[in-house]
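Shown next: entry.pdb, containing PDB, C-alpha atoms.
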```pdb
ATOM      1  CA  PRO A   1     100.206  19.504 178.745
ATOM      2  CA  GLN A   2     100.831  16.330 180.795
ATOM      3  CA  GLN A   3      97.854  14.437 179.224
ATOM      4  CA  LEU A   4      99.509  14.031 175.839
ATOM      5  CA  PRO A   5     102.362  11.817 177.046
ATOM      6  CA  ALA A   6      99.860   9.725 179.055
ATOM      7  CA  ALA A   7      97.645   9.214 175.997
ATOM      8  CA  ALA A   8     100.660   8.286 173.929
ATOM      9  CA  ALA A   9     101.728   5.760 176.558
ATOM     10  CA  LEU A  10      98.249   4.182 176.596
ATOM     11  CA  SER A  11      98.187   3.920 172.810
ATOM     12  CA  ARG A  12     101.632   2.276 172.817
ATOM     13  CA  ALA A  13     100.498  -0.189 175.497
ATOM     14  CA  ALA A  14      97.381  -1.066 173.499
ATOM     15  CA  ALA A  15      99.515  -1.607 170.392
ATOM     16  CA  THR A  16     101.793  -4.013 172.240
ATOM     17  CA  ARG A  17      98.793  -6.031 173.462
ATOM     18  CA  ARG A  18      97.228  -6.248 169.975
ATOM     19  CA  GLU A  19      97.402  -9.833 168.578
ATOM     20  CA  PRO A  20      98.765 -10.395 165.083
ATOM     21  CA  PRO A  21      96.119 -11.479 162.487
ATOM     22  CA  THR A  22      95.893 -15.167 161.576
ATOM     23  CA  THR A  23      96.854 -15.776 157.961
ATOM     24  CA  LEU A  24      96.158 -18.810 155.807
ATOM     25  CA  SER A  25      99.819 -19.522 155.205
ATOM     26  CA  SER A  26     100.723 -19.489 158.901
ATOM     27  CA  SER A  27      97.868 -21.820 159.779
ATOM     28  CA  LEU A  28      98.891 -24.271 157.089
ATOM     29  CA  THR A  29     102.603 -24.282 157.948
ATOM     30  CA  SER A  30     101.978 -24.739 161.637
ATOM     31  CA  GLY A  31      99.586 -27.612 160.974
ATOM     32  CA  LYS A  32      96.886 -26.072 163.181
ATOM     33  CA  ARG A  33      93.405 -25.158 162.096
ATOM     34  CA  PRO A  34      92.199 -21.600 162.612
ATOM     35  CA  ARG A  35      90.193 -21.331 165.778
ATOM     36  CA  ARG A  36      86.896 -20.257 164.341
ATOM     37  CA  PRO A  37      83.447 -21.787 164.419
ATOM     38  CA  ILE A  38      82.431 -23.855 161.374
ATOM     39  CA  ASP A  39      79.112 -22.629 160.055
ATOM     40  CA  SER A  40      78.870 -24.873 156.980
ATOM     41  CA  ALA A  41      80.402 -28.012 155.562
ATOM     42  CA  GLU A  42      83.705 -27.802 153.723
ATOM     43  CA  ILE A  43      84.712 -30.369 151.103
ATOM     44  CA  ARG A  44      88.469 -30.757 150.763
ATOM     45  CA  PHE A  45      90.615 -32.973 148.604
ATOM     46  CA  ASP A  46      91.113 -35.667 151.231
ATOM     47  CA  ALA A  47      88.752 -34.663 154.037
ATOM     48  CA  VAL A  48      85.304 -33.362 154.840
ATOM     49  CA  VAL A  49      84.832 -30.727 157.547
ATOM     50  CA  ILE A  50      81.300 -30.710 158.959
ATOM     51  CA  PRO A  51      79.722 -28.417 161.554
ATOM     52  CA  GLY A  52      78.749 -31.290 163.802
ATOM     53  CA  LEU A  53      78.754 -35.068 163.925
ATOM     54  CA  ASP A  54      75.246 -36.479 163.779
ATOM     55  CA  VAL A  55      73.349 -39.334 162.175
ATOM     56  CA  HIS A  56      72.356 -37.358 159.083
ATOM     57  CA  ASN A  57      75.896 -36.255 158.307
ATOM     58  CA  LEU A  58      77.148 -39.824 158.684
ATOM     59  CA  SER A  59      74.326 -41.084 156.465
ATOM     60  CA  VAL A  60      75.075 -38.619 153.678
ATOM     61  CA  VAL A  61      78.840 -39.239 153.715
ATOM     62  CA  ALA A  62      78.435 -43.029 153.905
ATOM     63  CA  THR A  63      75.892 -43.078 151.070
ATOM     64  CA  VAL A  64      78.088 -41.122 148.658
ATOM     65  CA  MET A  65      81.155 -43.219 149.506
ATOM     66  CA  ALA A  66      79.152 -46.413 149.003
ATOM     67  CA  GLN A  67      77.971 -45.162 145.614
ATOM     68  CA  SER A  68      81.547 -44.385 144.625
ATOM     69  CA  VAL A  69      82.738 -47.886 145.561
ATOM     70  CA  ALA A  70      79.763 -49.449 143.749
ATOM     71  CA  LEU A  71      80.567 -47.483 140.609
ATOM     72  CA  ASP A  72      84.110 -48.867 140.658
ATOM     73  CA  HIS A  73      82.685 -52.396 140.933
ATOM     74  CA  TYR A  74      80.251 -51.920 138.048
ATOM     75  CA  SER A  75      82.893 -50.212 135.946
ATOM     76  CA  VAL A  76      85.057 -53.349 136.163
ATOM     77  CA  LYS A  77      82.068 -55.496 135.140
ATOM     78  CA  VAL A  78      81.234 -53.290 132.177
ATOM     79  CA  ASP A  79      84.846 -53.307 130.987
ATOM     80  CA  ALA A  80      84.809 -57.114 131.136
ATOM     81  CA  MET A  81      81.599 -57.117 129.074
ATOM     82  CA  LEU A  82      83.221 -54.895 126.470
ATOM     83  CA  GLU A  83      86.222 -57.211 126.277
ATOM     84  CA  THR A  84      83.970 -60.247 125.787
ATOM     85  CA  PHE A  85      81.980 -58.447 123.132
ATOM     86  CA  THR A  86      85.163 -57.419 121.333
ATOM     87  CA  ARG A  87      86.296 -61.054 121.152
ATOM     88  CA  LEU A  88      82.851 -62.096 119.901
ATOM     89  CA  ASN A  89      82.852 -59.388 117.277
ATOM     90  CA  SER A  90      86.319 -60.394 116.076
ATOM     91  CA  SER A  91      85.274 -64.044 115.772
ATOM     92  CA  VAL A  92      82.202 -63.178 113.715
ATOM     93  CA  GLU A  93      84.307 -60.884 111.572
ATOM     94  CA  ARG A  94      86.664 -63.780 110.733
ATOM     95  CA  THR A  95      84.085 -66.537 110.203
ATOM     96  CA  GLY A  96      80.957 -64.616 109.226
ATOM     97  CA  VAL A  97      78.695 -66.946 111.254
ATOM     98  CA  PHE A  98      77.716 -67.513 114.878
ATOM     99  CA  SER A  99      78.625 -70.773 116.548
ATOM    100  CA  ALA A 100      76.438 -72.289 119.263
ATOM    101  CA  LEU A 101      78.863 -71.100 121.946
ATOM    102  CA  GLU A 102      78.901 -67.593 120.518
ATOM    103  CA  LYS A 103      75.105 -67.488 120.524
ATOM    104  CA  ARG A 104      75.016 -68.421 124.211
ATOM    105  CA  THR A 105      77.667 -65.790 124.924
ATOM    106  CA  LEU A 106      75.612 -63.183 123.097
ATOM    107  CA  PHE A 107      72.477 -64.049 125.059
ATOM    108  CA  ARG A 108      74.429 -63.843 128.317
ATOM    109  CA  LEU A 109      75.712 -60.399 127.369
ATOM    110  CA  VAL A 110      72.169 -59.209 126.733
ATOM    111  CA  ALA A 111      70.959 -60.516 130.098
ATOM    112  CA  LEU A 112      73.976 -59.112 131.968
ATOM    113  CA  ASN A 113      73.589 -55.731 130.304
ATOM    114  CA  ASN A 114      69.954 -55.477 131.383
ATOM    115  CA  SER A 115      70.660 -56.635 134.937
ATOM    116  CA  LEU A 116      73.508 -54.122 135.368
ATOM    117  CA  PHE A 117      71.270 -51.285 134.259
ATOM    118  CA  ALA A 118      68.613 -52.318 136.769
ATOM    119  CA  GLU A 119      71.090 -52.751 139.622
ATOM    120  CA  ILE A 120      72.797 -49.391 139.101
ATOM    121  CA  ILE A 121      69.512 -47.505 139.064
ATOM    122  CA  SER A 122      67.597 -49.387 141.748
ATOM    123  CA  LYS A 123      70.113 -50.790 144.228
ATOM    124  CA  ILE A 124      72.611 -47.967 144.698
ATOM    125  CA  GLY A 125      70.139 -45.164 143.933
ATOM    126  CA  LEU A 126      72.324 -42.952 141.787
ATOM    127  CA  LEU A 127      69.365 -41.024 140.420
ATOM    128  CA  GLU A 128      67.866 -40.385 143.849
ATOM    129  CA  ARG A 129      68.831 -37.899 146.532
ATOM    130  CA  SER A 130      69.659 -39.055 150.029
ATOM    131  CA  GLU A 131      66.730 -39.002 152.433
ATOM    132  CA  ALA A 132      68.596 -36.739 154.847
ATOM    133  CA  ALA A 133      69.578 -34.309 152.075
ATOM    134  CA  TRP A 134      66.012 -34.394 150.749
ATOM    135  CA  LYS A 135      64.356 -33.579 154.050
ATOM    136  CA  HIS A 136      66.976 -31.213 155.517
ATOM    137  CA  VAL A 137      68.421 -28.390 153.455
ATOM    138  CA  GLU A 138      71.560 -28.065 155.591
ATOM    139  CA  TYR A 139      72.796 -31.478 154.414
ATOM    140  CA  THR A 140      72.326 -30.729 150.707
ATOM    141  CA  GLN A 141      75.696 -28.964 150.517
ATOM    142  CA  ILE A 142      77.511 -32.044 151.803
ATOM    143  CA  TRP A 143      75.589 -34.300 149.417
ATOM    144  CA  ASP A 144      76.219 -32.180 146.323
ATOM    145  CA  GLY A 145      79.826 -31.419 147.266
ATOM    146  CA  LEU A 146      80.769 -35.051 147.837
ATOM    147  CA  ARG A 147      79.088 -36.231 144.640
ATOM    148  CA  GLU A 148      80.979 -33.587 142.723
ATOM    149  CA  GLU A 149      84.260 -34.461 144.453
ATOM    150  CA  PHE A 150      83.871 -38.188 143.681
ATOM    151  CA  GLU A 151      82.602 -37.402 140.152
ATOM    152  CA  VAL A 152      79.636 -39.696 140.672
ATOM    153  CA  GLU A 153      77.532 -38.364 137.805
ATOM    154  CA  ASP A 154      80.406 -38.301 135.309
ATOM    155  CA  ARG A 155      81.414 -41.866 136.121
ATOM    156  CA  PHE A 156      77.805 -43.019 135.852
ATOM    157  CA  GLN A 157      77.517 -41.382 132.420
ATOM    158  CA  LYS A 158      80.631 -43.238 131.250
ATOM    159  CA  ILE A 159      79.209 -46.560 132.453
ATOM    160  CA  GLU A 160      75.868 -45.757 130.844
ATOM    161  CA  PHE A 161      77.598 -44.974 127.537
ATOM    162  CA  LYS A 162      79.415 -48.322 127.581
ATOM    163  CA  LEU A 163      76.230 -50.223 128.430
ATOM    164  CA  ASN A 164      74.347 -48.464 125.641
ATOM    165  CA  LEU A 165      77.156 -49.346 123.242
ATOM    166  CA  VAL A 166      76.956 -53.031 124.174
ATOM    167  CA  GLN A 167      73.163 -52.971 123.998
ATOM    168  CA  LEU A 168      73.139 -51.379 120.551
ATOM    169  CA  ASN A 169      75.610 -53.861 119.088
ATOM    170  CA  THR A 170      73.987 -56.916 120.663
ATOM    171  CA  LYS A 171      70.655 -55.730 119.290
ATOM    172  CA  PHE A 172      72.213 -55.659 115.819
ATOM    173  CA  PHE A 173      73.535 -59.210 116.182
ATOM    174  CA  LEU A 174      70.206 -60.453 117.534
ATOM    175  CA  GLU A 175      68.456 -59.030 114.502
ATOM    176  CA  ILE A 176      70.898 -60.900 112.266
ATOM    177  CA  LEU A 177      70.208 -64.150 114.138
ATOM    178  CA  ALA A 178      66.466 -63.558 113.865
ATOM    179  CA  ASN A 179      66.770 -63.001 110.107
ATOM    180  CA  GLN A 180      68.837 -66.177 109.716
ATOM    181  CA  LYS A 181      66.241 -68.164 111.643
ATOM    182  CA  SER A 182      63.473 -66.637 109.569
ATOM    183  CA  ASN A 183      65.267 -67.570 106.351
ATOM    184  CA  THR A 184      65.666 -71.142 107.573
ATOM    185  CA  LEU A 185      61.960 -71.386 108.376
ATOM    186  CA  GLU A 186      61.087 -69.971 104.974
ATOM    187  CA  TRP A 187      63.186 -72.636 103.247
ATOM    188  CA  ILE A 188      61.551 -75.361 105.320
ATOM    189  CA  ILE A 189      58.130 -74.068 104.320
ATOM    190  CA  ILE A 190      59.192 -73.977 100.667
ATOM    191  CA  VAL A 191      60.411 -77.590 100.834
ATOM    192  CA  LEU A 192      57.179 -78.736 102.487
ATOM    193  CA  ILE A 193      55.058 -76.970  99.891
ATOM    194  CA  THR A 194      57.150 -78.542  97.123
ATOM    195  CA  LEU A 195      56.661 -82.003  98.619
ATOM    196  CA  GLU A 196      52.949 -81.414  98.902
ATOM    197  CA  ILE A 197      52.789 -80.358  95.254
ATOM    198  CA  LEU A 198      54.712 -83.494  94.183
ATOM    199  CA  VAL A 199      52.417 -85.764  96.190
ATOM    200  CA  CYS A 200      49.339 -84.111  94.739
ATOM    201  CA  SER A 201      50.751 -84.364  91.220
ATOM    202  CA  ALA A 202      51.547 -88.039  91.686
ATOM    203  CA  ASP A 203      48.060 -88.633  93.032
ATOM    204  CA  LEU A 204      46.513 -86.964  89.991
ATOM    205  CA  CYS A 205      48.626 -89.138  87.675
ATOM    206  CA  ASN A 206      47.507 -92.292  89.554
ATOM    207  CA  LEU A 207      50.976 -92.837  90.855
ATOM    208  CA  ARG A 208      51.584 -94.306  94.303
ATOM    209  CA  PRO A 209      55.171 -93.456  95.182
ATOM    210  CA  PHE A 210      54.710 -94.535  98.794
ATOM    211  CA  GLY A 211      52.887 -97.759  98.015
ATOM    212  CA  SER A 212      49.494 -96.427  99.148
TER     213      SER A 212
END
```
Could you quickly redo this structure as structure tokens?
Amino acid sequence: PQQLPAAAALSRAAATRREPPTTLSSSLTSGKRPRRPIDSAEIRFDAVVIPGLDVHNLSVVATVMAQSVALDHYSVKVDAMLETFTRLNSSVERTGVFSALEKRTLFRLVALNNSLFAEIISKIGLLERSEAAWKHVEYTQIWDGLREEFEVEDRFQKIEFKLNLVQLNTKFFLEILANQKSNTLEWIIIVLITLEILVCSADLCNLRPFGS
């Protein structure tokens, strides 16, 4: 009969020593992280939590951030190209012809469009996976998570759409210029043939219009 109070006392003592569970709200309000080991990377809105700091983690994070900054740079360039093309299109719409300056501007847009495409694909490697993420599976989560957080693929698709739009319209204008040049050459050939016919006709009639 005396064991029951002893057991009850031990259970009450164990209950008083039991620690309260850590909740998400308490950890956030206190500003302290839960004391638990990090088994995998965690991508947050303004931070990246990684299991350990090593060369591969730094390489993956730095590569994605560099790609994001490069996309901002190329986005500004493409927007400037679109603005230039809009002015060129408006000028042709008013006058109906290309001036010499507008032709040079059009050729520059074509060259810049091609060079931007090559730089985006080759220099910053948007279509390629990081070497660390390619060789080591544990870094793939960081690579994919950061690219999704920075919206790398979506921003690249927007830039690609703008470049394709400029390329399509410049191709149309280049075809118009080629047709105009072809028409000019055809008229020159017609004039030369007409002159040759007149000279031959004068020669048959024993006429010497050039004193020969």
- In terms of the shortest atom-to-atom distance over all atoms listed in the file, which of A:Asn89, A:Ile120, A:Leu71, A:Lys162 is closest to Thr105 of chain A?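 Looking at the shortest contact to Thr105 of chain A, the residue is A:Asn89.
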- State, in Å with one decimal place, the distance from atom CA of Val60 of chain A to atom CA of Leu146 of chain A.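 Here the two named atoms are 8.9 Å from each other.
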- Message: the PyMOL selection byres ((chain A and resi 155) around 12) - which residues does that actually catch in the file I just gave you? List them as a PyMOL selection string.
- Response: chain A and resi 67-75+120+126+147-154+156-162
- Task: Please measure the separation of atom CA of Ile124 of chain A and atom CA of Leu163 of chain A, giving the value in Å to one decimal.
- Result: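 Atom CA of Leu163 of chain A lies at a distance of 16.8 Å from atom CA of Ile124 of chain A.
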- Query: Which residue gives the smallest distance to Ile50 of chain A among A:Glu196, A:Glu93, A:Asp144, A:Glu138, with only C-alpha atoms counted?
  - Reply: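 The shortest atom-to-atom distance to Ile50 of chain A comes from A:Glu138.
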- Calculate how many Å separate atom CA of Gln167 of chain A from atom CA of Asn113 of chain A, rounding to one decimal. 6.9 Å
- Kindly indicate which residue among A:Ile142, A:Val92, A:Leu53, A:Ala41 lies nearest to Met65 of chain A, using only C-alpha atoms for the distances.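 Of the candidates, the smallest distance to Met65 of chain A is held by A:Ile142.
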Starting from the PyMOL selection byres ((chain A and resi 130) around 10), expand the selection into actual residues of this file and give them as a PDB file with C-alpha atoms, in the frame of the given file.
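Output (expr-v4.pdb):
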```
ATOM      1  CA  HIS A  56      72.356 -37.358 159.083  1.00  0.00           C
ATOM      2  CA  SER A  59      74.326 -41.084 156.465  1.00  0.00           C
ATOM      3  CA  VAL A  60      75.075 -38.619 153.678  1.00  0.00           C
ATOM      4  CA  VAL A  61      78.840 -39.239 153.715  1.00  0.00           C
ATOM      5  CA  THR A  63      75.892 -43.078 151.070  1.00  0.00           C
ATOM      6  CA  VAL A  64      78.088 -41.122 148.658  1.00  0.00           C
ATOM      7  CA  GLY A 125      70.139 -45.164 143.933  1.00  0.00           C
ATOM      8  CA  LEU A 126      72.324 -42.952 141.787  1.00  0.00           C
ATOM      9  CA  LEU A 127      69.365 -41.024 140.420  1.00  0.00           C
ATOM     10  CA  GLU A 128      67.866 -40.385 143.849  1.00  0.00           C
ATOM     11  CA  ARG A 129      68.831 -37.899 146.532  1.00  0.00           C
ATOM     12  CA  GLU A 131      66.730 -39.002 152.433  1.00  0.00           C
ATOM     13  CA  ALA A 132      68.596 -36.739 154.847  1.00  0.00           C
ATOM     14  CA  ALA A 133      69.578 -34.309 152.075  1.00  0.00           C
ATOM     15  CA  TRP A 134      66.012 -34.394 150.749  1.00  0.00           C
ATOM     16  CA  LYS A 135      64.356 -33.579 154.050  1.00  0.00           C
ATOM     17  CA  HIS A 136      66.976 -31.213 155.517  1.00  0.00           C
ATOM     18  CA  TYR A 139      72.796 -31.478 154.414  1.00  0.00           C
ATOM     19  CA  THR A 140      72.326 -30.729 150.707  1.00  0.00           C
ATOM     20  CA  TRP A 143      75.589 -34.300 149.417  1.00  0.00           C
TER      21      TRP A 143
END
```
- Query: Got a sec: who's within 12 Å of Leu177 of chain A, counting only C-alpha atoms, leaving out chain neighbours fewer than 3 positions off, as number ranges by chain?
  - Reply: A: 96-100, 102-104, 106-107, 170-174, 180-184
- Message: So, with all atoms listed in the file as the atoms that count, which of A:Val48, A:Thr194, A:Ile188, A:Phe85 lies closest to Leu112 of chain A?
- Response: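 So, comparing all the options, the nearest one is A:Phe85.
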- Item | Hits of the PyMOL selection byres ((chain A and resi 49) around 12) in this structure, as a list of chain:residue names | A:Arg33, A:Pro37, A:Ile38, A:Asp39, A:Ser40, A:Ala41, A:Glu42, A:Ile43, A:Arg44, A:Phe45, A:Asp46, A:Ala47, A:Val48, A:Ile50, A:Pro51, A:Gly52, A:Leu53, A:Asn57, A:Leu58, A:Val61, A:Gln141, A:Ile142, A:Gly145, A:Leu146
How would segment 124-140 of chain A look with N, CA, C and O atoms restored, written as a PDB file, in the frame of the given file?
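Result file follows (result34.pdb):
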```pdb
ATOM      1  N   ILE A 124      71.752 -48.989 144.092  1.00  0.00           N
ATOM      2  CA  ILE A 124      72.611 -47.967 144.698  1.00  0.00           C
ATOM      3  C   ILE A 124      71.997 -46.573 144.615  1.00  0.00           C
ATOM      4  O   ILE A 124      72.537 -45.635 145.192  1.00  0.00           O
ATOM      5  N   GLY A 125      70.881 -46.415 143.913  1.00  0.00           N
ATOM      6  CA  GLY A 125      70.139 -45.164 143.933  1.00  0.00           C
ATOM      7  C   GLY A 125      70.904 -43.958 143.451  1.00  0.00           C
ATOM      8  O   GLY A 125      70.893 -42.907 144.105  1.00  0.00           O
ATOM      9  N   LEU A 126      71.546 -44.075 142.295  1.00  0.00           N
ATOM     10  CA  LEU A 126      72.324 -42.952 141.787  1.00  0.00           C
ATOM     11  C   LEU A 126      71.454 -41.792 141.342  1.00  0.00           C
ATOM     12  O   LEU A 126      71.877 -40.643 141.370  1.00  0.00           O
ATOM     13  N   LEU A 127      70.242 -42.079 140.912  1.00  0.00           N
ATOM     14  CA  LEU A 127      69.365 -41.024 140.420  1.00  0.00           C
ATOM     15  C   LEU A 127      68.491 -40.438 141.516  1.00  0.00           C
ATOM     16  O   LEU A 127      67.649 -39.582 141.229  1.00  0.00           O
ATOM     17  N   GLU A 128      68.684 -40.866 142.742  1.00  0.00           N
ATOM     18  CA  GLU A 128      67.866 -40.385 143.849  1.00  0.00           C
ATOM     19  C   GLU A 128      68.735 -39.644 144.855  1.00  0.00           C
ATOM     20  O   GLU A 128      69.906 -39.972 145.049  1.00  0.00           O
ATOM     21  N   ARG A 129      68.136 -38.654 145.494  1.00  0.00           N
ATOM     22  CA  ARG A 129      68.831 -37.899 146.532  1.00  0.00           C
ATOM     23  C   ARG A 129      68.698 -38.619 147.866  1.00  0.00           C
ATOM     24  O   ARG A 129      67.719 -39.318 148.124  1.00  0.00           O
ATOM     25  N   SER A 130      69.706 -38.454 148.709  1.00  0.00           N
ATOM     26  CA  SER A 130      69.659 -39.055 150.029  1.00  0.00           C
ATOM     27  C   SER A 130      68.465 -38.537 150.818  1.00  0.00           C
ATOM     28  O   SER A 130      68.042 -37.386 150.661  1.00  0.00           O
ATOM     29  N   GLU A 131      67.906 -39.397 151.652  1.00  0.00           N
ATOM     30  CA  GLU A 131      66.730 -39.002 152.433  1.00  0.00           C
ATOM     31  C   GLU A 131      67.035 -37.826 153.357  1.00  0.00           C
ATOM     32  O   GLU A 131      66.222 -36.908 153.507  1.00  0.00           O
ATOM     33  N   ALA A 132      68.223 -37.842 153.963  1.00  0.00           N
ATOM     34  CA  ALA A 132      68.596 -36.739 154.847  1.00  0.00           C
ATOM     35  C   ALA A 132      68.762 -35.444 154.067  1.00  0.00           C
ATOM     36  O   ALA A 132      68.323 -34.374 154.497  1.00  0.00           O
ATOM     37  N   ALA A 133      69.407 -35.508 152.891  1.00  0.00           N
ATOM     38  CA  ALA A 133      69.578 -34.309 152.075  1.00  0.00           C
ATOM     39  C   ALA A 133      68.258 -33.845 151.477  1.00  0.00           C
ATOM     40  O   ALA A 133      68.102 -32.657 151.175  1.00  0.00           O
ATOM     41  N   TRP A 134      67.314 -34.758 151.302  1.00  0.00           N
ATOM     42  CA  TRP A 134      66.012 -34.394 150.749  1.00  0.00           C
ATOM     43  C   TRP A 134      65.149 -33.683 151.790  1.00  0.00           C
ATOM     44  O   TRP A 134      64.462 -32.706 151.475  1.00  0.00           O
ATOM     45  N   LYS A 135      65.207 -34.147 153.008  1.00  0.00           N
ATOM     46  CA  LYS A 135      64.356 -33.579 154.050  1.00  0.00           C
ATOM     47  C   LYS A 135      64.972 -32.355 154.721  1.00  0.00           C
ATOM     48  O   LYS A 135      64.247 -31.473 155.188  1.00  0.00           O
ATOM     49  N   HIS A 136      66.307 -32.293 154.798  1.00  0.00           N
ATOM     50  CA  HIS A 136      66.976 -31.213 155.517  1.00  0.00           C
ATOM     51  C   HIS A 136      67.898 -30.480 154.550  1.00  0.00           C
ATOM     52  O   HIS A 136      68.818 -31.068 153.960  1.00  0.00           O
ATOM     53  N   VAL A 137      67.664 -29.189 154.416  1.00  0.00           N
ATOM     54  CA  VAL A 137      68.421 -28.390 153.455  1.00  0.00           C
ATOM     55  C   VAL A 137      69.891 -28.276 153.848  1.00  0.00           C
ATOM     56  O   VAL A 137      70.779 -28.202 152.991  1.00  0.00           O
ATOM     57  N   GLU A 138      70.185 -28.285 155.153  1.00  0.00           N
ATOM     58  CA  GLU A 138      71.560 -28.065 155.591  1.00  0.00           C
ATOM     59  C   GLU A 138      72.502 -29.200 155.190  1.00  0.00           C
ATOM     60  O   GLU A 138      73.730 -29.028 155.198  1.00  0.00           O
ATOM     61  N   TYR A 139      71.948 -30.363 154.827  1.00  0.00           N
ATOM     62  CA  TYR A 139      72.796 -31.478 154.414  1.00  0.00           C
ATOM     63  C   TYR A 139      72.944 -31.577 152.888  1.00  0.00           C
ATOM     64  O   TYR A 139      73.666 -32.430 152.389  1.00  0.00           O
ATOM     65  N   THR A 140      72.242 -30.708 152.169  1.00  0.00           N
ATOM     66  CA  THR A 140      72.326 -30.729 150.707  1.00  0.00           C
ATOM     67  C   THR A 140      73.714 -30.347 150.225  1.00  0.00           C
ATOM     68  O   THR A 140      74.223 -30.892 149.236  1.00  0.00           O
TER      69      THR A 140
END
```
